[in-house]
Amino acid sequence: PYRNFIRREQSSFAWDWGPTFLPSGIWRPIYLVGVTGVFIESTATTVSPNSDDSWSVVSQFNLIATRTIGGTFMASIANISTSTVYVSVPLGMSSTQLTLTVPGKSVQLWWPNGYGNQPLYTLNLSWLPDGSSSPTTSINKTVGFRKIRINQDPTPDGSGNYFFFEVNDIPIFLKGANWIPADSFESRVSPQRIDKLLSQAIASNMNTIRNWGGGIYQQTEFYDYCDRNGLLVWEEFMFACAMYPRDDAFLENVAQEAIHQVTRLAHHPSIAVWAGNNENEAALWWYPESSKNRDLYLVDEMVLYVDTLRSAILSVDSTRDYLFSSPSNGPLSLDPYVLRYGNVYDMNYGDVHFYNYDFLCTNISEFPNARFVSEYGWQSFPSIESWKPVTIQSDLSLNSTLMEHRQHHPGGNTEIYNQIKNYSSHLYLKKILFWILKILFICHKLCNPFVSEHK
(Lines give C-alpha, C1' and ligand atoms only; values in the text may rest on other atoms or scores of the structure.)
Protein backbone atom coordinates (compact mmCIF):
# COMPACT_ATOMS: atom_id res chain seq x y z
CA PRO A 1 0.00 0.00 0.00
CA TYR A 2 1.08 3.57 -0.80
CA ARG A 3 4.24 2.41 -2.58
CA ASN A 4 3.40 4.78 -5.44
CA PHE A 5 4.21 7.77 -3.20
CA ILE A 6 7.72 6.53 -2.39
CA ARG A 7 10.62 6.50 -4.86
CA ARG A 8 12.09 3.13 -3.99
CA GLU A 9 12.03 -0.38 -5.44
CA GLN A 10 8.31 -0.93 -6.03
CA SER A 11 8.49 -4.72 -5.84
CA SER A 12 9.99 -4.54 -2.34
CA PHE A 13 6.38 -3.98 -1.24
CA ALA A 14 5.69 -7.51 -2.63
CA TRP A 15 4.61 -8.75 -6.04
CA ASP A 16 2.80 -11.89 -7.12
CA TRP A 17 6.20 -13.61 -7.30
CA GLY A 18 7.99 -11.96 -4.35
CA PRO A 19 7.84 -11.23 -0.62
CA THR A 20 7.56 -7.97 1.34
CA PHE A 21 10.75 -6.97 3.14
CA LEU A 22 11.09 -3.20 2.58
CA PRO A 23 14.84 -2.99 3.18
CA SER A 24 15.99 0.52 4.03
CA GLY A 25 19.21 2.46 4.35
CA ILE A 26 22.09 3.42 2.07
CA TRP A 27 23.24 0.27 0.31
CA ARG A 28 25.52 1.69 -2.36
CA PRO A 29 28.84 3.51 -1.84
CA ILE A 30 28.71 7.09 -0.63
CA TYR A 31 31.60 9.55 -0.70
CA LEU A 32 32.73 12.96 0.46
CA VAL A 33 34.73 14.73 -2.25
CA GLY A 34 36.89 17.76 -1.59
CA VAL A 35 36.91 20.24 -4.47
CA THR A 36 39.61 22.72 -5.37
CA GLY A 37 39.28 24.58 -8.64
CA VAL A 38 37.01 22.67 -11.06
CA PHE A 39 35.48 19.27 -10.38
CA ILE A 40 33.66 17.26 -13.09
CA GLU A 41 30.64 16.10 -11.10
CA SER A 42 29.23 14.00 -13.95
CA THR A 43 29.22 13.68 -17.72
CA ALA A 44 26.47 12.66 -20.13
CA THR A 45 27.73 11.15 -23.38
CA THR A 46 25.72 10.16 -26.45
CA VAL A 47 26.87 8.71 -29.76
CA SER A 48 24.98 9.35 -32.99
CA PRO A 49 25.67 8.94 -36.73
CA ASN A 50 26.16 11.81 -39.15
CA SER A 51 25.10 11.94 -42.81
CA ASP A 52 28.74 11.78 -44.00
CA ASP A 53 29.36 8.41 -42.28
CA SER A 54 31.16 10.04 -39.36
CA TRP A 55 29.94 9.90 -35.75
CA SER A 56 29.26 12.63 -33.21
CA VAL A 57 30.27 11.81 -29.64
CA VAL A 58 28.63 14.56 -27.60
CA SER A 59 29.60 14.98 -23.95
CA GLN A 60 28.04 17.37 -21.48
CA PHE A 61 30.29 18.22 -18.53
CA ASN A 62 28.43 19.02 -15.31
CA LEU A 63 30.80 21.09 -13.19
CA ILE A 64 31.42 22.41 -9.69
CA ALA A 65 33.93 25.24 -9.31
CA THR A 66 35.29 26.86 -6.16
CA ARG A 67 36.21 30.01 -8.11
CA THR A 68 35.99 31.40 -11.62
CA ILE A 69 38.74 29.76 -13.64
CA GLY A 70 39.67 29.33 -17.30
CA GLY A 71 40.89 26.17 -18.92
CA THR A 72 40.46 23.56 -21.60
CA PHE A 73 38.11 20.61 -21.74
CA MET A 74 39.29 17.71 -23.87
CA ALA A 75 37.56 14.64 -25.31
CA SER A 76 39.63 11.97 -27.01
CA ILE A 77 39.64 8.38 -28.21
CA ALA A 78 43.26 7.32 -28.38
CA ASN A 79 44.76 7.19 -31.90
CA ILE A 80 41.39 8.08 -33.46
CA SER A 81 40.16 11.59 -32.63
CA THR A 82 40.59 14.50 -30.20
CA SER A 83 38.53 17.63 -29.59
CA THR A 84 39.01 20.57 -27.22
CA VAL A 85 37.13 23.65 -26.09
CA TYR A 86 38.32 26.59 -23.97
CA VAL A 87 35.89 27.66 -21.24
CA SER A 88 35.84 30.19 -18.44
CA VAL A 89 34.11 28.17 -15.72
CA PRO A 90 32.10 30.33 -13.28
CA LEU A 91 31.94 29.90 -9.52
CA GLY A 92 29.37 27.29 -8.44
CA MET A 93 27.57 24.77 -10.61
CA SER A 94 27.56 24.99 -14.41
CA SER A 95 27.80 22.84 -17.52
CA THR A 96 29.52 22.89 -20.89
CA GLN A 97 29.33 20.69 -23.97
CA LEU A 98 31.97 19.25 -26.26
CA THR A 99 31.51 17.31 -29.52
CA LEU A 100 34.08 14.81 -30.75
CA THR A 101 33.78 13.90 -34.43
CA VAL A 102 34.92 10.35 -35.22
CA PRO A 103 35.51 9.23 -38.84
CA GLY A 104 33.39 6.20 -39.67
CA LYS A 105 36.30 4.29 -41.19
CA SER A 106 38.22 4.60 -37.90
CA VAL A 107 35.83 2.49 -35.82
CA GLN A 108 33.92 -0.78 -36.12
CA LEU A 109 30.19 -1.17 -35.58
CA TRP A 110 28.75 -2.60 -32.36
CA TRP A 111 26.19 -5.40 -32.87
CA PRO A 112 23.74 -7.38 -30.71
CA ASN A 113 24.64 -10.93 -29.74
CA GLY A 114 24.41 -13.21 -32.77
CA TYR A 115 24.73 -10.43 -35.34
CA GLY A 116 28.38 -9.49 -35.03
CA ASN A 117 31.03 -8.30 -32.61
CA GLN A 118 30.88 -5.73 -29.82
CA PRO A 119 33.95 -3.48 -30.29
CA LEU A 120 34.23 -0.88 -27.52
CA TYR A 121 36.37 2.26 -27.29
CA THR A 122 37.66 4.26 -24.33
CA LEU A 123 36.58 7.90 -24.33
CA ASN A 124 38.72 10.12 -22.12
CA LEU A 125 37.17 13.35 -20.83
CA SER A 126 39.51 15.73 -19.00
CA TRP A 127 39.98 19.27 -17.68
CA LEU A 128 43.25 21.23 -18.04
CA PRO A 129 43.18 24.52 -16.09
CA ASP A 130 45.21 27.53 -17.15
CA GLY A 131 48.79 27.24 -15.97
CA SER A 132 48.71 23.47 -15.55
CA SER A 133 50.81 21.11 -17.61
CA SER A 134 48.51 18.11 -17.13
CA PRO A 135 44.78 17.49 -16.54
CA THR A 136 43.61 17.87 -12.95
CA THR A 137 40.33 15.99 -13.48
CA SER A 138 39.75 13.09 -15.85
CA ILE A 139 36.99 10.55 -16.52
CA ASN A 140 37.05 7.48 -18.79
CA LYS A 141 33.93 6.09 -20.42
CA THR A 142 33.43 3.10 -22.69
CA VAL A 143 31.45 3.78 -25.86
CA GLY A 144 30.33 1.83 -28.91
CA PHE A 145 29.23 2.91 -32.36
CA ARG A 146 25.81 1.73 -33.56
CA LYS A 147 22.57 3.11 -34.96
CA ILE A 148 19.33 1.96 -33.36
CA ARG A 149 15.63 2.67 -33.79
CA ILE A 150 12.25 1.08 -33.29
CA ASN A 151 10.50 0.75 -36.64
CA GLN A 152 6.87 1.72 -36.07
CA ASP A 153 6.08 2.55 -39.68
CA PRO A 154 2.61 1.67 -41.07
CA THR A 155 2.36 -1.87 -42.44
CA PRO A 156 1.80 -2.27 -46.21
CA ASP A 157 -1.61 -3.91 -45.70
CA GLY A 158 -2.89 -0.97 -43.67
CA SER A 159 -3.71 -3.14 -40.66
CA GLY A 160 -1.56 -1.17 -38.21
CA ASN A 161 2.07 -0.34 -37.55
CA TYR A 162 5.24 -2.39 -37.33
CA PHE A 163 7.10 -2.74 -34.05
CA PHE A 164 10.61 -4.10 -34.36
CA PHE A 165 14.15 -2.94 -33.65
CA GLU A 166 16.72 -2.03 -36.28
CA VAL A 167 20.42 -1.91 -35.43
CA ASN A 168 22.76 -0.43 -38.03
CA ASP A 169 19.80 -0.48 -40.45
CA ILE A 170 19.36 -4.25 -40.03
CA PRO A 171 16.08 -5.63 -38.56
CA ILE A 172 16.89 -7.58 -35.39
CA PHE A 173 15.00 -10.66 -34.23
CA LEU A 174 14.82 -10.03 -30.48
CA LYS A 175 15.16 -12.99 -28.12
CA GLY A 176 15.23 -12.13 -24.47
CA ALA A 177 13.82 -12.04 -20.98
CA ASN A 178 12.58 -9.63 -18.33
CA TRP A 179 14.98 -8.84 -15.48
CA ILE A 180 13.36 -8.50 -12.06
CA PRO A 181 15.46 -7.82 -8.93
CA ALA A 182 18.02 -10.59 -8.49
CA ASP A 183 17.50 -10.60 -4.71
CA SER A 184 15.04 -9.19 -2.18
CA PHE A 185 18.07 -7.43 -0.69
CA GLU A 186 19.93 -5.63 -3.45
CA SER A 187 23.04 -5.20 -1.29
CA ARG A 188 23.62 -8.95 -1.72
CA VAL A 189 23.71 -8.74 -5.53
CA SER A 190 27.40 -8.87 -6.42
CA PRO A 191 28.96 -8.22 -9.82
CA GLN A 192 29.76 -11.94 -9.92
CA ARG A 193 26.08 -12.79 -9.51
CA ILE A 194 25.08 -10.39 -12.27
CA ASP A 195 27.75 -11.91 -14.51
CA LYS A 196 26.43 -15.43 -13.80
CA LEU A 197 22.81 -14.56 -14.55
CA LEU A 198 23.52 -12.57 -17.70
CA SER A 199 25.91 -15.28 -18.88
CA GLN A 200 22.97 -17.67 -18.75
CA ALA A 201 21.07 -15.31 -21.05
CA ILE A 202 23.96 -15.34 -23.53
CA ALA A 203 24.22 -19.15 -23.27
CA SER A 204 20.50 -19.29 -24.15
CA ASN A 205 21.21 -17.27 -27.33
CA MET A 206 19.37 -14.23 -26.02
CA ASN A 207 20.19 -10.77 -27.32
CA THR A 208 17.86 -8.61 -25.18
CA ILE A 209 17.16 -7.90 -21.50
CA ARG A 210 14.20 -5.78 -20.36
CA ASN A 211 15.01 -4.06 -17.06
CA TRP A 212 11.49 -4.21 -15.62
CA GLY A 213 9.98 -1.03 -14.17
CA GLY A 214 9.07 -2.51 -10.79
CA GLY A 215 12.69 -3.01 -9.78
CA ILE A 216 15.73 -0.73 -9.73
CA TYR A 217 18.12 1.06 -12.04
CA GLN A 218 20.82 -1.57 -12.20
CA GLN A 219 24.38 -1.23 -11.00
CA THR A 220 27.07 -0.29 -13.49
CA GLU A 221 28.32 -3.86 -13.87
CA PHE A 222 24.97 -4.87 -15.38
CA TYR A 223 25.24 -2.43 -18.28
CA ASP A 224 28.98 -3.03 -18.73
CA TYR A 225 28.29 -6.75 -19.18
CA CYS A 226 25.57 -6.02 -21.73
CA ASP A 227 27.94 -3.70 -23.62
CA ARG A 228 30.64 -6.36 -23.79
CA ASN A 229 28.35 -9.22 -24.77
CA GLY A 230 25.75 -7.68 -27.07
CA LEU A 231 22.66 -7.74 -24.87
CA LEU A 232 20.31 -4.95 -25.90
CA VAL A 233 18.74 -3.32 -22.84
CA TRP A 234 15.11 -2.19 -22.79
CA GLU A 235 15.52 0.28 -19.91
CA GLU A 236 12.38 1.21 -18.03
CA PHE A 237 11.94 3.93 -15.47
CA MET A 238 10.88 2.67 -12.09
CA PHE A 239 7.11 3.00 -12.14
CA ALA A 240 4.88 -0.08 -12.19
CA CYS A 241 1.24 -1.12 -11.97
CA ALA A 242 -0.04 1.96 -10.15
CA MET A 243 -1.35 5.49 -10.45
CA TYR A 244 1.31 8.01 -9.41
CA PRO A 245 1.08 11.58 -8.06
CA ARG A 246 1.43 14.66 -10.25
CA ASP A 247 2.00 17.40 -7.68
CA ASP A 248 4.88 19.77 -8.40
CA ALA A 249 7.23 18.35 -5.77
CA PHE A 250 6.80 14.79 -7.04
CA LEU A 251 7.25 15.81 -10.67
CA GLU A 252 10.40 17.77 -9.90
CA ASN A 253 11.82 14.79 -8.03
CA VAL A 254 11.04 12.52 -11.00
CA ALA A 255 12.68 14.95 -13.44
CA GLN A 256 15.87 15.01 -11.38
CA GLU A 257 15.79 11.20 -11.05
CA ALA A 258 15.50 10.81 -14.82
CA ILE A 259 18.25 13.33 -15.57
CA HIS A 260 20.56 11.59 -13.11
CA GLN A 261 19.97 8.11 -14.54
CA VAL A 262 20.15 9.13 -18.21
CA THR A 263 23.33 11.11 -17.52
CA ARG A 264 24.77 8.02 -15.85
CA LEU A 265 23.72 5.51 -18.52
CA ALA A 266 23.46 7.25 -21.90
CA HIS A 267 26.96 6.27 -23.10
CA HIS A 268 26.18 2.53 -22.97
CA PRO A 269 25.71 1.18 -26.53
CA SER A 270 23.62 -1.70 -25.15
CA ILE A 271 20.76 0.57 -24.07
CA ALA A 272 18.29 0.41 -26.93
CA VAL A 273 15.24 2.29 -25.67
CA TRP A 274 13.92 4.28 -22.72
CA ALA A 275 10.45 3.21 -21.52
CA GLY A 276 8.33 5.23 -19.12
CA ASN A 277 6.83 2.50 -16.95
CA ASN A 278 5.53 -1.04 -16.63
CA GLU A 279 1.78 -1.46 -17.32
CA ASN A 280 0.61 1.90 -15.98
CA GLU A 281 -1.39 2.72 -19.09
CA ALA A 282 -3.02 -0.69 -18.83
CA ALA A 283 -3.58 -0.10 -15.10
CA LEU A 284 -5.94 2.78 -15.85
CA TRP A 285 -8.64 0.09 -16.12
CA TRP A 286 -7.61 -1.96 -13.08
CA TYR A 287 -8.62 0.29 -10.21
CA PRO A 288 -12.11 1.66 -9.42
CA GLU A 289 -10.82 5.21 -8.98
CA SER A 290 -9.07 5.39 -12.34
CA SER A 291 -11.56 3.36 -14.37
CA LYS A 292 -14.43 5.61 -13.21
CA ASN A 293 -12.52 8.79 -13.97
CA ARG A 294 -10.31 7.70 -16.83
CA ASP A 295 -9.72 11.11 -18.43
CA LEU A 296 -8.41 12.66 -15.21
CA TYR A 297 -5.95 9.84 -14.60
CA LEU A 298 -4.90 9.74 -18.25
CA VAL A 299 -4.07 13.45 -18.08
CA ASP A 300 -2.09 12.73 -14.92
CA GLU A 301 -0.12 10.08 -16.79
CA MET A 302 0.56 12.39 -19.72
CA VAL A 303 1.87 15.07 -17.35
CA LEU A 304 4.12 12.55 -15.59
CA TYR A 305 5.36 10.36 -18.46
CA VAL A 306 5.39 12.86 -21.34
CA ASP A 307 5.60 16.44 -20.04
CA THR A 308 7.96 15.54 -17.20
CA LEU A 309 9.76 12.22 -17.79
CA ARG A 310 10.11 12.35 -21.58
CA SER A 311 11.19 15.99 -21.47
CA ALA A 312 13.82 15.23 -18.83
CA ILE A 313 15.18 12.35 -20.91
CA LEU A 314 15.33 14.43 -24.09
CA SER A 315 17.21 17.18 -22.26
CA VAL A 316 20.10 14.69 -21.96
CA ASP A 317 19.60 12.09 -24.71
CA SER A 318 17.68 12.55 -27.95
CA THR A 319 19.37 9.62 -29.74
CA ARG A 320 17.02 6.85 -28.54
CA ASP A 321 13.30 6.18 -28.87
CA TYR A 322 11.03 6.66 -25.88
CA LEU A 323 8.05 4.43 -25.10
CA PHE A 324 5.23 5.93 -23.05
CA SER A 325 4.48 2.63 -21.32
CA SER A 326 4.76 -1.10 -21.80
CA PRO A 327 2.44 -2.30 -23.13
CA SER A 328 1.24 0.58 -25.28
CA ASN A 329 0.10 1.28 -28.84
CA GLY A 330 2.81 3.86 -29.38
CA PRO A 331 2.49 7.49 -30.48
CA LEU A 332 0.33 8.97 -33.21
CA SER A 333 2.74 11.90 -33.39
CA LEU A 334 6.11 12.75 -31.85
CA ASP A 335 5.98 16.53 -32.27
CA PRO A 336 3.72 17.29 -30.59
CA TYR A 337 3.67 14.00 -28.70
CA VAL A 338 0.23 12.43 -29.11
CA LEU A 339 -0.45 9.01 -27.63
CA ARG A 340 -2.39 6.40 -29.62
CA TYR A 341 -4.61 5.75 -26.64
CA GLY A 342 -6.89 2.69 -26.59
CA ASN A 343 -6.73 -1.02 -26.02
CA VAL A 344 -3.09 -1.64 -25.05
CA TYR A 345 -3.52 -5.29 -26.04
CA ASP A 346 -4.27 -4.41 -29.66
CA MET A 347 -2.30 -6.91 -31.76
CA ASN A 348 -1.74 -4.37 -34.56
CA TYR A 349 0.24 -1.74 -32.67
CA GLY A 350 3.11 -1.48 -30.22
CA ASP A 351 3.98 -4.18 -27.72
CA VAL A 352 1.65 -6.35 -25.66
CA HIS A 353 1.84 -8.37 -22.45
CA PHE A 354 0.09 -11.72 -22.34
CA TYR A 355 -0.97 -13.88 -19.41
CA ASN A 356 -3.55 -16.64 -19.62
CA TYR A 357 -2.99 -19.45 -17.14
CA ASP A 358 -6.05 -21.45 -18.18
CA PHE A 359 -4.91 -22.99 -21.45
CA LEU A 360 -2.17 -25.56 -21.85
CA CYS A 361 1.09 -23.72 -22.27
CA THR A 362 2.23 -26.03 -25.07
CA ASN A 363 -0.77 -25.04 -27.22
CA ILE A 364 0.94 -22.53 -29.46
CA SER A 365 -2.31 -21.63 -31.26
CA GLU A 366 -3.44 -19.74 -28.15
CA PHE A 367 -0.51 -17.35 -28.17
CA PRO A 368 -1.13 -13.81 -29.47
CA ASN A 369 0.14 -13.05 -32.96
CA ALA A 370 1.08 -9.53 -31.94
CA ARG A 371 3.61 -7.07 -33.36
CA PHE A 372 5.84 -7.54 -30.30
CA VAL A 373 5.29 -9.48 -27.07
CA SER A 374 7.49 -7.92 -24.39
CA GLU A 375 6.22 -9.93 -21.43
CA TYR A 376 4.41 -13.23 -20.90
CA GLY A 377 4.73 -16.60 -19.26
CA TRP A 378 3.60 -18.87 -16.45
CA GLN A 379 4.50 -18.87 -12.81
CA SER A 380 7.12 -21.31 -11.59
CA PHE A 381 8.18 -22.51 -8.18
CA PRO A 382 11.83 -21.96 -7.34
CA SER A 383 14.18 -24.88 -7.74
CA ILE A 384 14.46 -27.32 -4.85
CA GLU A 385 17.98 -25.96 -4.23
CA SER A 386 16.44 -22.56 -3.47
CA TRP A 387 13.82 -24.03 -1.15
CA LYS A 388 16.08 -26.27 0.94
CA PRO A 389 17.95 -23.65 3.00
CA VAL A 390 14.72 -21.98 4.20
CA THR A 391 12.25 -24.88 4.55
CA ILE A 392 11.53 -28.07 6.44
CA GLN A 393 10.10 -31.17 4.84
CA SER A 394 6.50 -30.37 5.74
CA ASP A 395 6.76 -27.04 3.88
CA LEU A 396 7.28 -28.85 0.57
CA SER A 397 3.62 -29.51 -0.01
CA LEU A 398 1.38 -27.67 -2.44
CA ASN A 399 -1.06 -26.63 0.29
CA SER A 400 1.43 -26.05 3.10
CA THR A 401 1.27 -22.83 5.10
CA LEU A 402 4.53 -21.65 3.56
CA MET A 403 3.40 -22.35 0.01
CA GLU A 404 0.14 -20.49 0.55
CA HIS A 405 1.91 -17.59 2.25
CA ARG A 406 4.53 -17.15 -0.48
CA GLN A 407 2.00 -17.36 -3.33
CA HIS A 408 0.61 -13.85 -3.87
CA HIS A 409 -1.16 -14.56 -7.14
CA PRO A 410 -4.75 -15.68 -6.44
CA GLY A 411 -5.12 -19.32 -7.42
CA GLY A 412 -1.50 -19.43 -8.52
CA ASN A 413 -0.57 -22.78 -6.98
CA THR A 414 -3.61 -24.43 -8.54
CA GLU A 415 -2.71 -22.97 -11.93
CA ILE A 416 0.83 -24.32 -11.64
CA TYR A 417 -0.51 -27.71 -10.62
CA ASN A 418 -2.93 -27.78 -13.54
CA GLN A 419 -0.03 -27.22 -15.92
CA ILE A 420 2.06 -29.94 -14.35
CA LYS A 421 -0.60 -32.60 -13.64
CA ASN A 422 1.91 -34.50 -11.56
CA TYR A 423 2.76 -33.01 -8.18
CA SER A 424 5.14 -35.78 -7.14
CA SER A 425 7.80 -34.37 -9.44
CA HIS A 426 6.45 -30.88 -10.01
CA LEU A 427 9.61 -28.95 -9.13
CA TYR A 428 11.60 -30.85 -11.74
CA LEU A 429 8.87 -30.82 -14.36
CA LYS A 430 8.23 -27.12 -13.87
CA LYS A 431 11.79 -26.40 -14.93
CA ILE A 432 11.32 -28.61 -18.00
CA LEU A 433 8.20 -26.55 -18.71
CA PHE A 434 10.33 -23.39 -18.60
CA TRP A 435 12.52 -24.64 -21.46
CA ILE A 436 9.50 -25.84 -23.43
CA LEU A 437 8.10 -22.32 -23.15
CA LYS A 438 11.35 -20.83 -24.39
CA ILE A 439 11.26 -23.02 -27.49
CA LEU A 440 7.59 -22.17 -28.04
CA PHE A 441 8.39 -18.48 -27.72
CA ILE A 442 10.79 -18.71 -30.66
CA CYS A 443 8.32 -20.77 -32.71
CA HIS A 444 5.53 -18.30 -31.94
CA LYS A 445 7.56 -15.30 -33.01
CA LEU A 446 8.63 -17.00 -36.23
CA CYS A 447 4.97 -17.44 -37.08
CA ASN A 448 4.40 -13.67 -36.95
CA PRO A 449 4.42 -12.41 -40.56
CA PHE A 450 5.37 -8.89 -39.49
CA VAL A 451 8.56 -10.22 -37.91
CA SER A 452 9.48 -13.08 -40.20
CA GLU A 453 9.42 -10.95 -43.34
CA HIS A 454 12.15 -8.78 -41.83
CA LYS A 455 14.43 -11.53 -40.54
# chains A, B, ... in the order shown; residues from 1 in each chain; ligands from 1
>>> residues_around(residues="region 94-110 of chain A", least_positions_apart="4", cutoff="7 Å", atoms="only C-alpha atoms", output="VMD selection string")
chain A and resid 53 to 64 75 80 to 83 85 117 to 119 144 to 146
>>> residues_around(residues="Asp307 (chain A)", least_positions_apart="5", cutoff="10 Å", atoms="only C-alpha atoms", output="NGL selection string")
:A and (251 or 255 or 300-302 or 312 or 337)
>>> write_last_selection(atoms="N, CA and C atoms", output="PDB file, in the first residue's frame")
ATOM      1  N   LEU A 251       6.783  15.703  -9.291  1.00  0.00           N
ATOM      2  CA  LEU A 251       7.248  15.807 -10.673  1.00  0.00           C
ATOM      3  C   LEU A 251       8.690  16.311 -10.745  1.00  0.00           C
ATOM      4  N   ALA A 255      11.834  14.352 -12.400  1.00  0.00           N
ATOM      5  CA  ALA A 255      12.676  14.948 -13.435  1.00  0.00           C
ATOM      6  C   ALA A 255      14.151  14.822 -13.068  1.00  0.00           C
ATOM      7  N   ASP A 300      -3.165  12.855 -15.898  1.00  0.00           N
ATOM      8  CA  ASP A 300      -2.088  12.728 -14.917  1.00  0.00           C
ATOM      9  C   ASP A 300      -0.908  11.962 -15.491  1.00  0.00           C
ATOM     10  N   GLU A 301      -1.199  10.871 -16.204  1.00  0.00           N
ATOM     11  CA  GLU A 301      -0.120  10.078 -16.787  1.00  0.00           C
ATOM     12  C   GLU A 301       0.614  10.840 -17.879  1.00  0.00           C
ATOM     13  N   MET A 302      -0.100  11.605 -18.674  1.00  0.00           N
ATOM     14  CA  MET A 302       0.561  12.390 -19.724  1.00  0.00           C
ATOM     15  C   MET A 302       1.485  13.441 -19.104  1.00  0.00           C
ATOM     16  N   ALA A 312      12.559  15.356 -19.564  1.00  0.00           N
ATOM     17  CA  ALA A 312      13.820  15.232 -18.831  1.00  0.00           C
ATOM     18  C   ALA A 312      14.804  14.352 -19.591  1.00  0.00           C
ATOM     19  N   TYR A 337       3.843  15.406 -29.067  1.00  0.00           N
ATOM     20  CA  TYR A 337       3.672  13.999 -28.695  1.00  0.00           C
ATOM     21  C   TYR A 337       2.192  13.732 -28.446  1.00  0.00           C
TER      22      TYR A 337
END
>>> residues_around(residues="region 159-168 of chain A", least_positions_apart="2", cutoff="7 Å", atoms="only C-alpha atoms", output="ChimeraX atom specification")
/A:146-155,157,170-172,348-350,371-372,450
>>> atom_distance(atom1="CA of Phe185 (chain A)", atom2="CA of Gln219 (chain A)")
13.6 Å
>>> select_by_dssp(residues="region 104-326 of chain A", states="helix (DSSP H, G or I)", output="PyMOL selection string")
chain A and resi 104-106+186-188+191-203+220-229+248-265+282-285+288-292+294-314
>>> closest_atom_pairs(of="region 315-408 of chain A", to="region 40-50 of chain A", cutoff="9 Å", atoms="only C-alpha atoms", output="Markdown table")
| residue | atom | partner | partner_atom | distance |
| --- | --- | --- | --- | --- |
| A:Val316 | CA | A:Ala44 | CA | 6.9 |
| A:Asp317 | CA | A:Thr46 | CA | 6.6 |
| A:Ser318 | CA | A:Thr46 | CA | 8.5 |
| A:Thr319 | CA | A:Ser48 | CA | 6.5 |
>>> atom_distance(atom1="CA of Leu284 (chain A)", atom2="CA of Tyr297 (chain A)")
7.2 Å
>>> closest_residue(among="A:Leu231, A:Ala242, A:Ile384, A:Ala282", to="Gly116 (chain A)", atoms="only C-alpha atoms")
A:Leu231
>>> atom_distance(atom1="CA of Pro191 (chain A)", atom2="CA of Glu235 (chain A)")
18.8 Å
>>> residues_around(residues="Phe73 (chain A)", least_positions_apart="2", cutoff="7 Å", atoms="only C-alpha atoms", output="PyMOL selection string")
chain A and resi 71+75+84-86+126-128
>>> closest_residue(among="A:Ala275, A:Pro23, A:Glu221, A:Arg28", to="Met238 (chain A)", atoms="only C-alpha atoms")
A:Ala275
>>> select_by_dssp(residues="region 29-170 of chain A", states="strand (DSSP E or B)", output="PyMOL selection string")
chain A and resi 38-49+55-65+69-77+81-89+92-102+109+121-129+137-143+145+148-151+154+161+164-167+170
>>> residues_around(residues="Arg67 (chain A)", least_positions_apart="3", cutoff="7 Å", atoms="only C-alpha atoms", output="JSON, numbers by chain")
{"A": [37, 90, 91]}
>>> write_last_selection(atoms="all heavy atoms", output="PDB file, in the first residue's frame")
ATOM      1  N   GLY A  37      39.303  24.229  -7.226  1.00  0.00           N
ATOM      2  CA  GLY A  37      39.277  24.576  -8.643  1.00  0.00           C
ATOM      3  C   GLY A  37      38.014  24.057  -9.294  1.00  0.00           C
ATOM      4  O   GLY A  37      36.905  24.378  -8.877  1.00  0.00           O
ATOM      5  N   PRO A  90      32.474  29.420 -14.364  1.00  0.00           N
ATOM      6  CA  PRO A  90      32.102  30.333 -13.281  1.00  0.00           C
ATOM      7  C   PRO A  90      32.062  29.634 -11.925  1.00  0.00           C
ATOM      8  O   PRO A  90      32.002  28.409 -11.835  1.00  0.00           O
ATOM      9  CB  PRO A  90      30.700  30.795 -13.693  1.00  0.00           C
ATOM     10  CG  PRO A  90      30.141  29.632 -14.447  1.00  0.00           C
ATOM     11  CD  PRO A  90      31.319  29.025 -15.178  1.00  0.00           C
ATOM     12  N   LEU A  91      32.087  30.418 -10.872  1.00  0.00           N
ATOM     13  CA  LEU A  91      31.941  29.900  -9.515  1.00  0.00           C
ATOM     14  C   LEU A  91      30.596  29.179  -9.374  1.00  0.00           C
ATOM     15  O   LEU A  91      29.578  29.629  -9.879  1.00  0.00           O
ATOM     16  CB  LEU A  91      32.012  31.057  -8.515  1.00  0.00           C
ATOM     17  CG  LEU A  91      31.641  30.751  -7.060  1.00  0.00           C
ATOM     18  CD1 LEU A  91      32.673  29.837  -6.425  1.00  0.00           C
ATOM     19  CD2 LEU A  91      31.494  32.058  -6.265  1.00  0.00           C
TER      20      LEU A  91
END
